[in-house]
$ cat final.cif   # mmCIF, C-alpha atoms
data_model
loop_
_atom_site.label_atom_id
_atom_site.label_comp_id
_atom_site.auth_asym_id
_atom_site.auth_seq_id
_atom_site.Cartn_x
_atom_site.Cartn_y
_atom_site.Cartn_z
CA MET A 88 0.10 -9.22 -26.91
CA ILE A 89 -1.83 -9.16 -23.64
CA LEU A 90 1.21 -9.86 -21.47
CA ASP A 91 2.83 -6.69 -22.81
CA THR A 92 0.17 -4.63 -21.00
CA PHE A 93 1.56 -5.88 -17.67
CA THR A 94 5.10 -4.62 -18.24
CA LEU A 95 6.34 -1.67 -16.20
CA SER A 96 9.64 -1.15 -17.97
CA GLY A 97 10.91 2.42 -17.60
CA LYS A 98 8.42 3.29 -14.83
CA VAL A 99 9.25 4.68 -11.39
CA ALA A 100 7.27 3.61 -8.34
CA ILE A 101 7.21 5.13 -4.87
CA VAL A 102 6.48 2.42 -2.29
CA THR A 103 6.06 3.44 1.35
CA GLY A 104 6.79 1.05 4.18
CA CYS A 105 8.79 -1.43 2.08
CA ASP A 106 11.39 -2.52 4.62
CA THR A 107 9.69 -5.87 5.31
CA GLY A 108 6.52 -7.86 4.74
CA LEU A 109 3.86 -6.80 2.27
CA GLY A 110 5.63 -3.60 1.25
CA GLN A 111 8.84 -5.45 0.47
CA GLY A 112 6.94 -8.07 -1.52
CA MET A 113 5.18 -5.43 -3.59
CA ALA A 114 8.36 -3.41 -4.21
CA VAL A 115 10.18 -6.51 -5.45
CA ALA A 116 7.23 -7.48 -7.68
CA LEU A 117 7.16 -4.03 -9.28
CA ALA A 118 10.91 -4.26 -9.86
CA GLN A 119 10.48 -7.69 -11.46
CA ALA A 120 7.96 -6.08 -13.83
CA GLY A 121 10.51 -3.42 -14.80
CA CYS A 122 10.09 -0.59 -12.28
CA ASP A 123 12.73 1.47 -10.58
CA ILE A 124 11.78 1.84 -6.90
CA VAL A 125 11.76 4.75 -4.46
CA GLY A 126 11.41 3.22 -1.00
CA VAL A 127 10.13 5.52 1.76
CA ASN A 128 10.73 4.30 5.30
CA ARG A 129 11.88 5.45 8.70
CA LYS A 130 15.10 3.51 8.20
CA ILE A 131 17.11 2.36 5.19
CA PRO A 132 15.53 -0.88 3.85
CA GLU A 133 18.80 -2.66 3.13
CA GLU A 134 17.32 -6.06 2.23
CA THR A 135 14.70 -4.60 -0.08
CA ALA A 136 17.28 -2.40 -1.78
CA ALA A 137 19.53 -5.39 -2.38
CA ARG A 138 16.69 -7.45 -3.86
CA VAL A 139 15.63 -4.63 -6.19
CA THR A 140 19.13 -3.78 -7.39
CA GLY A 141 19.81 -7.49 -7.80
CA LEU A 142 17.12 -7.43 -10.48
CA GLY A 143 18.99 -4.69 -12.34
CA ARG A 144 16.63 -1.93 -11.23
CA ARG A 145 17.51 1.32 -9.48
CA PHE A 146 16.55 1.81 -5.83
CA LEU A 147 16.39 5.16 -4.04
CA ALA A 148 15.95 5.09 -0.27
CA ILE A 149 14.25 8.08 1.34
CA ARG A 150 14.01 8.28 5.12
CA ALA A 151 10.86 10.04 6.28
CA ASP A 152 8.27 10.00 9.04
CA LEU A 153 5.10 9.97 6.96
CA GLY A 154 3.01 10.70 10.04
CA LYS A 155 4.36 14.25 9.82
CA GLN A 156 2.92 16.44 7.09
CA GLU A 157 6.13 18.31 6.31
CA SER A 158 7.83 15.10 5.09
CA LEU A 159 5.43 14.42 2.24
CA HIS A 160 6.35 17.05 -0.37
CA ASP A 161 10.05 16.35 0.19
CA VAL A 162 9.46 12.72 -0.76
CA VAL A 163 8.12 13.61 -4.21
CA ALA A 164 10.75 16.28 -4.84
CA LYS A 165 13.59 13.90 -3.95
CA ALA A 166 12.12 11.12 -6.06
CA VAL A 167 11.82 13.34 -9.12
CA ALA A 168 15.26 14.89 -8.63
CA GLU A 169 16.91 11.47 -8.55
CA MET A 170 14.71 9.38 -10.84
CA GLY A 171 13.41 12.04 -13.23
CA ARG A 172 9.72 11.22 -12.86
CA VAL A 173 7.12 9.28 -10.85
CA ASP A 174 4.57 6.93 -12.42
CA ILE A 175 3.21 4.83 -9.55
CA LEU A 176 2.52 5.35 -5.85
CA VAL A 177 1.87 2.49 -3.44
CA ASN A 178 0.62 3.82 -0.09
CA ASN A 179 1.59 0.85 2.06
CA ALA A 180 3.07 2.36 5.24
CA GLY A 181 0.83 1.79 8.24
CA THR A 182 0.64 0.97 11.92
CA ILE A 183 -1.80 -0.55 14.40
CA ARG A 184 -2.60 -0.21 18.11
CA ARG A 185 -4.62 -2.79 20.05
CA GLU A 186 -6.72 -1.81 23.08
CA ASP A 187 -10.35 -1.98 24.21
CA ALA A 188 -12.39 0.96 22.91
CA LEU A 189 -13.21 1.99 26.50
CA SER A 190 -9.50 2.43 27.25
CA PHE A 191 -8.19 3.62 23.89
CA SER A 192 -5.99 6.74 24.12
CA GLU A 193 -5.99 9.88 22.00
CA LYS A 194 -2.27 9.35 21.34
CA ASP A 195 -2.87 5.90 19.85
CA TRP A 196 -5.78 7.27 17.83
CA ASP A 197 -3.78 10.15 16.35
CA GLU A 198 -0.64 8.15 15.57
CA VAL A 199 -2.58 5.50 13.65
CA VAL A 200 -4.90 7.85 11.77
CA ASP A 201 -2.10 10.28 10.88
CA LEU A 202 -0.02 7.55 9.25
CA ASN A 203 -2.71 5.24 7.87
CA LEU A 204 -5.09 7.84 6.48
CA LYS A 205 -3.86 11.42 6.59
CA SER A 206 -0.53 10.61 4.95
CA VAL A 207 -2.30 8.54 2.28
CA PHE A 208 -4.37 11.52 1.22
CA PHE A 209 -1.63 14.13 1.26
CA LEU A 210 1.05 11.97 -0.36
CA SER A 211 -1.48 11.02 -3.04
CA GLN A 212 -2.22 14.70 -3.54
CA ALA A 213 1.48 15.53 -3.96
CA VAL A 214 2.05 12.65 -6.37
CA ALA A 215 -1.09 13.47 -8.39
CA ARG A 216 0.17 17.01 -8.86
CA GLN A 217 3.39 15.52 -10.25
CA PHE A 218 1.41 13.21 -12.55
CA ILE A 219 -0.53 16.18 -13.90
CA ALA A 220 2.68 18.16 -14.43
CA GLN A 221 4.14 15.21 -16.38
CA GLY A 222 0.97 15.01 -18.47
CA GLN A 223 0.88 11.21 -18.74
CA GLY A 224 -1.41 10.13 -15.89
CA GLY A 225 -0.33 7.61 -13.30
CA LYS A 226 -1.34 4.89 -10.85
CA ILE A 227 -2.07 5.20 -7.14
CA ILE A 228 -2.56 2.00 -5.14
CA ASN A 229 -3.69 2.31 -1.54
CA ILE A 230 -3.47 -0.54 0.95
CA ALA A 231 -6.78 -1.06 2.69
CA SER A 232 -7.75 -4.01 4.93
CA MET A 233 -10.45 -6.50 5.80
CA LEU A 234 -11.37 -3.88 8.40
CA SER A 235 -12.27 -1.53 5.57
CA PHE A 236 -15.35 -3.77 5.33
CA GLN A 237 -15.72 -5.05 8.90
CA GLY A 238 -15.56 -3.60 12.39
CA GLY A 239 -13.05 -5.83 14.09
CA ILE A 240 -12.36 -5.63 17.82
CA ARG A 241 -9.82 -3.73 19.93
CA VAL A 242 -8.45 -1.73 16.97
CA PRO A 243 -10.70 1.36 16.78
CA SER A 244 -8.25 3.74 15.11
CA TYR A 245 -7.06 1.08 12.67
CA THR A 246 -10.63 0.25 11.65
CA ALA A 247 -11.45 3.95 11.26
CA SER A 248 -8.33 4.60 9.18
CA LYS A 249 -8.75 1.62 6.88
CA SER A 250 -12.44 2.37 6.37
CA GLY A 251 -11.29 5.85 5.42
CA VAL A 252 -8.78 4.45 2.93
CA LEU A 253 -11.60 2.68 1.09
CA GLY A 254 -13.63 5.90 0.97
CA ILE A 255 -10.79 8.18 -0.06
CA THR A 256 -9.82 5.73 -2.82
CA ARG A 257 -13.28 6.17 -4.32
CA LEU A 258 -13.27 9.95 -3.95
CA LEU A 259 -9.84 10.41 -5.54
CA ALA A 260 -10.81 8.12 -8.41
CA ASN A 261 -13.93 10.22 -9.00
CA GLU A 262 -11.89 13.42 -9.18
CA TRP A 263 -8.78 12.23 -11.03
CA ALA A 264 -9.85 9.48 -13.45
CA ALA A 265 -10.54 12.00 -16.21
CA GLN A 266 -6.88 13.07 -15.99
CA GLY A 267 -5.59 9.55 -16.56
CA ILE A 268 -4.89 8.87 -12.89
CA ASN A 269 -6.15 5.51 -11.67
CA VAL A 270 -6.74 5.29 -7.92
CA ASN A 271 -7.48 1.82 -6.56
CA ALA A 272 -6.76 -0.17 -3.42
CA ILE A 273 -5.79 -3.65 -2.30
CA ALA A 274 -7.37 -5.05 0.86
CA PRO A 275 -5.14 -7.83 2.17
CA GLY A 276 -6.77 -10.54 4.24
CA TYR A 277 -5.11 -12.10 7.27
CA MET A 278 -1.44 -12.03 6.27
CA ALA A 279 1.60 -13.50 7.99
CA THR A 280 3.33 -10.19 8.82
CA ASN A 281 4.55 -8.30 11.88
CA ASN A 282 1.10 -6.72 12.32
CA THR A 283 -0.51 -10.13 12.89
CA GLN A 284 2.23 -11.73 14.98
CA GLN A 285 0.17 -11.28 18.16
CA LEU A 286 -2.82 -13.00 16.57
CA ARG A 287 -0.77 -15.85 15.15
CA ASP A 288 0.89 -16.44 18.53
CA ASP A 289 -2.56 -16.96 20.08
CA GLU A 290 -3.20 -20.58 19.07
CA GLN A 291 -6.94 -20.47 19.66
CA ARG A 292 -7.46 -17.15 17.86
CA SER A 293 -5.21 -18.20 14.98
CA GLN A 294 -7.13 -21.43 14.47
CA ALA A 295 -10.46 -19.55 14.53
CA ILE A 296 -9.18 -17.29 11.77
CA LEU A 297 -7.89 -20.19 9.68
CA ASP A 298 -11.19 -22.01 10.07
CA ARG A 299 -12.96 -19.09 8.36
CA ILE A 300 -10.54 -18.65 5.45
CA PRO A 301 -11.65 -20.88 2.56
CA ALA A 302 -8.05 -21.11 1.32
CA GLY A 303 -7.11 -22.57 4.72
CA ARG A 304 -3.92 -20.55 5.27
CA TRP A 305 -2.57 -17.17 6.23
CA GLY A 306 -1.68 -14.95 3.28
CA LEU A 307 1.92 -14.25 2.30
CA PRO A 308 3.62 -11.17 0.82
CA ASP A 309 3.92 -13.04 -2.49
CA ASP A 310 0.11 -13.14 -2.69
CA LEU A 311 0.07 -9.37 -3.33
CA GLN A 312 2.62 -9.44 -6.14
CA GLY A 313 0.21 -10.18 -8.98
CA PRO A 314 -2.48 -7.73 -7.79
CA VAL A 315 -0.05 -4.84 -7.32
CA VAL A 316 1.57 -5.32 -10.74
CA PHE A 317 -1.88 -5.54 -12.35
CA LEU A 318 -3.12 -2.33 -10.72
CA ALA A 319 0.15 -0.53 -11.55
CA SER A 320 0.10 -1.58 -15.20
CA PRO A 321 -1.79 -0.52 -18.34
CA ALA A 322 -3.80 -3.76 -17.98
CA SER A 323 -5.93 -1.96 -15.34
CA ASP A 324 -6.43 1.34 -17.18
CA TYR A 325 -10.23 1.15 -16.98
CA ILE A 326 -10.38 0.21 -13.30
CA ASN A 327 -11.07 3.17 -11.05
CA GLY A 328 -12.02 3.46 -7.38
CA HIS A 329 -12.00 -0.29 -6.77
CA THR A 330 -10.77 -2.06 -3.63
CA LEU A 331 -9.54 -5.54 -4.48
CA ALA A 332 -9.75 -8.05 -1.62
CA VAL A 333 -6.83 -10.48 -1.55
CA ASP A 334 -8.10 -12.56 1.33
CA GLY A 335 -8.23 -16.26 0.50
CA GLY A 336 -12.02 -15.95 0.39
CA TRP A 337 -12.51 -14.44 3.86
CA LEU A 338 -15.19 -11.97 2.76
CA ALA A 339 -17.06 -14.66 0.85
CA ARG A 340 -17.87 -16.60 4.04
#
$ encode --input "final.cif" --output "structure tokens"
Amino acid sequence: MILDTFTLSGKVAIVTGCDTGLGQGMAVALAQAGCDIVGVNRKIPEETAARVTGLGRRFLAIRADLGKQESLHDVVAKAVAEMGRVDILVNNAGTIRREDALSFSEKDWDEVVDLNLKSVFFLSQAVARQFIAQGQGGKIINIASMLSFQGGIRVPSYTASKSGVLGITRLLANEWAAQGINVNAIAPGYMATNNTQQLRDDEQRSQAILDRIPAGRWGLPDDLQGPVVFLASPASDYINGHTLAVDGGWLAR
């Protein structure tokens, strides 16, 4: 039956940045589909852990600063030691800095690019090595952005990093698809999360955004639940290097 291809029973997923918002929504969705979850954050995601374990799934919390290279291999080793294997990686952790390009600092550039792009590549590399060692393939889902397709304003390092996520998703798919590793991405539209609080608090800017979204509303974490389960499941086994926009129609305007 077709619905059986969406089940994730017995799988283990690493989800970075799952304390709140989109990451929490995706972690809970994967748990609802049958996954045990390894949550990687700077602090213990108590609420997410409670929601996952409340579904009867295991939750392992790993504290790590993913902007620092030395943390990445420890994440995979700890996940495998506790859970026995890894089947899915969701590279969700990210940050943003807002400033005019003429005034943007090197510090803000490096902090954003290190977390949003560099950690995505090297954590994917570490997880792919584990997939190959297990011999059963796996799923990597990167979190891109509308600014993977557009320039935006006042977020130069964020735009650069998310454009890079789209490109690296394609490259890794090209190299790893033959080994049963699917690498794809989700590009959320304008979502009601901490990252957009400043925009939503600006009544004029918020209304301008809503006026362009055909769906007529800001996105919610629940809007990513179906896409992430699909891309993590056998139902997407022949999808490689694709970035799926979940944007209420923003890019269609």
$ closest_atom_pairs --input "final.cif" --of "range 131-229 of chain A" --to "range 249-273 of chain A" --cutoff "8 Å" --atoms "only C-alpha atoms" --output "CSV"
residue,atom,partner,partner_atom,distance
A:Asn203,CA,A:Lys249,CA,7.1
A:Leu204,CA,A:Val252,CA,6.1
A:Val207,CA,A:Val252,CA,7.7
A:Phe208,CA,A:Ile255,CA,7.3
A:Ala215,CA,A:Ile268,CA,7.5
A:Phe218,CA,A:Ile268,CA,7.7
A:Ile219,CA,A:Gln266,CA,7.4
A:Gln223,CA,A:Gly267,CA,7.0
A:Gly224,CA,A:Gly267,CA,4.3
A:Gly225,CA,A:Ile268,CA,4.7
A:Lys226,CA,A:Asn269,CA,4.9
A:Ile227,CA,A:Val270,CA,4.7
A:Ile228,CA,A:Ala272,CA,5.0
A:Asn229,CA,A:Ala272,CA,4.4
$ closest_residue --input "final.cif" --among "A:Ile240, A:Ala302, A:Asp309, A:Asn128" --to "Arg185 in chain A" --atoms "only C-alpha atoms"
A:Ile240
$ resolve_selection --input "final.cif" --expression "the PyMOL selection byres ((chain A and resi 320) around 9)" --output "PyMOL selection string"
chain A and resi 92-95+226+315-319+321-324
$ resolve_selection --input "final.cif" --expression "the PyMOL selection byres ((chain A and resi 210) around 9)" --output "PDB file with C-alpha atoms, keeping the file's coordinate frame"
ATOM      1  CA  LEU A 153       5.100   9.970   6.960  1.00  0.00           C
ATOM      2  CA  GLN A 156       2.920  16.440   7.090  1.00  0.00           C
ATOM      3  CA  LEU A 159       5.430  14.420   2.240  1.00  0.00           C
ATOM      4  CA  HIS A 160       6.350  17.050  -0.370  1.00  0.00           C
ATOM      5  CA  VAL A 162       9.460  12.720  -0.760  1.00  0.00           C
ATOM      6  CA  VAL A 163       8.120  13.610  -4.210  1.00  0.00           C
ATOM      7  CA  LEU A 176       2.520   5.350  -5.850  1.00  0.00           C
ATOM      8  CA  ASN A 178       0.620   3.820  -0.090  1.00  0.00           C
ATOM      9  CA  LYS A 205      -3.860  11.420   6.590  1.00  0.00           C
ATOM     10  CA  SER A 206      -0.530  10.610   4.950  1.00  0.00           C
ATOM     11  CA  VAL A 207      -2.300   8.540   2.280  1.00  0.00           C
ATOM     12  CA  PHE A 208      -4.370  11.520   1.220  1.00  0.00           C
ATOM     13  CA  PHE A 209      -1.630  14.130   1.260  1.00  0.00           C
ATOM     14  CA  SER A 211      -1.480  11.020  -3.040  1.00  0.00           C
ATOM     15  CA  GLN A 212      -2.220  14.700  -3.540  1.00  0.00           C
ATOM     16  CA  ALA A 213       1.480  15.530  -3.960  1.00  0.00           C
ATOM     17  CA  VAL A 214       2.050  12.650  -6.370  1.00  0.00           C
ATOM     18  CA  ALA A 215      -1.090  13.470  -8.390  1.00  0.00           C
TER      19      ALA A 215
END
$ closest_residue --input "final.cif" --among "A:Leu117, A:Ile296, A:Leu338, A:Val242" --to "Pro314 in chain A" --atoms "all atoms listed in the file"
A:Leu117
$ atom_distance --input "final.cif" --atom1 "CA of Gly181 in chain A" --atom2 "CA of Ala247 in chain A"
12.8 Å
$ closest_residue --input "final.cif" --among "A:Val333, A:Ile326, A:Leu234, A:Leu142" --to "Ala120 in chain A" --atoms "all atoms listed in the file"
A:Leu142
$ atom_distance --input "final.cif" --atom1 "CA of Tyr325 in chain A" --atom2 "CA of Leu90 in chain A"
16.5 Å
$ residues_around --input "final.cif" --residues "Val99 in chain A" --least-positions-apart "6" --cutoff "7 Å" --atoms "all atoms listed in the file" --output "list in words"
Cys122, Asp123, Ile124, Arg172, Val173, Asp174 and Ile175 of chain A
$ write_last_selection --input "final.cif" --atoms "C-alpha atoms" --output "CSV table (one decimal), in the coordinates of the input"
chain,number,residue,atom,x,y,z
A,122,CYS,CA,10.1,-0.6,-12.3
A,123,ASP,CA,12.7,1.5,-10.6
A,124,ILE,CA,11.8,1.8,-6.9
A,172,ARG,CA,9.7,11.2,-12.9
A,173,VAL,CA,7.1,9.3,-10.8
A,174,ASP,CA,4.6,6.9,-12.4
A,175,ILE,CA,3.2,4.8,-9.6
$ closest_residue --input "final.cif" --among "A:Ser248, A:Leu147, A:Leu109, A:Pro308" --to "Val177 in chain A" --atoms "only C-alpha atoms"
A:Leu109
$ residues_around --input "final.cif" --residues "Ser190 in chain A" --least-positions-apart "5" --cutoff "12 Å" --atoms "all atoms listed in the file" --output "CSV table (one decimal) with C-alpha atoms, in the coordinates of the input"
chain,number,residue,atom,x,y,z
A,184,ARG,CA,-2.6,-0.2,18.1
A,185,ARG,CA,-4.6,-2.8,20.0
A,195,ASP,CA,-2.9,5.9,19.8
A,196,TRP,CA,-5.8,7.3,17.8
A,241,ARG,CA,-9.8,-3.7,19.9
A,242,VAL,CA,-8.4,-1.7,17.0
A,243,PRO,CA,-10.7,1.4,16.8
$ closest_residue --input "final.cif" --among "A:Gln221, A:Ala332, A:Val200, A:Gln291" --to "Gly171 in chain A" --atoms "only C-alpha atoms"
A:Gln221
$ closest_residue --input "final.cif" --among "A:Arg145, A:Pro275, A:Arg138, A:Glu193" --to "Phe236 in chain A" --atoms "all atoms listed in the file"
A:Pro275
$ residues_near_point --input "final.cif" --point "(-16.5, -14.0, 4.6)" --cutoff "9 Å" --atoms "only C-alpha atoms" --output "NGL selection string"
:A and (299-301 or 336-340)
$ atom_distance --input "final.cif" --atom1 "CA of Gly306 in chain A" --atom2 "CA of Gly239 in chain A"
18.1 Å
$ axis_aligned_box --input "final.cif" --around "range 299-308 of chain A" --padding-each-side "3 Å" --output "JSON"
{"center_x": -4.7, "center_y": -16.9, "center_z": 4.6, "size_x": 22.6, "size_y": 17.4, "size_z": 13.5}
$ residues_near_point --input "final.cif" --point "(10.0, 9.5, 11.4)" --cutoff "12 Å" --atoms "only C-alpha atoms" --output "PyMOL selection string"
chain A and resi 104+127-131+149-159+180+198+202
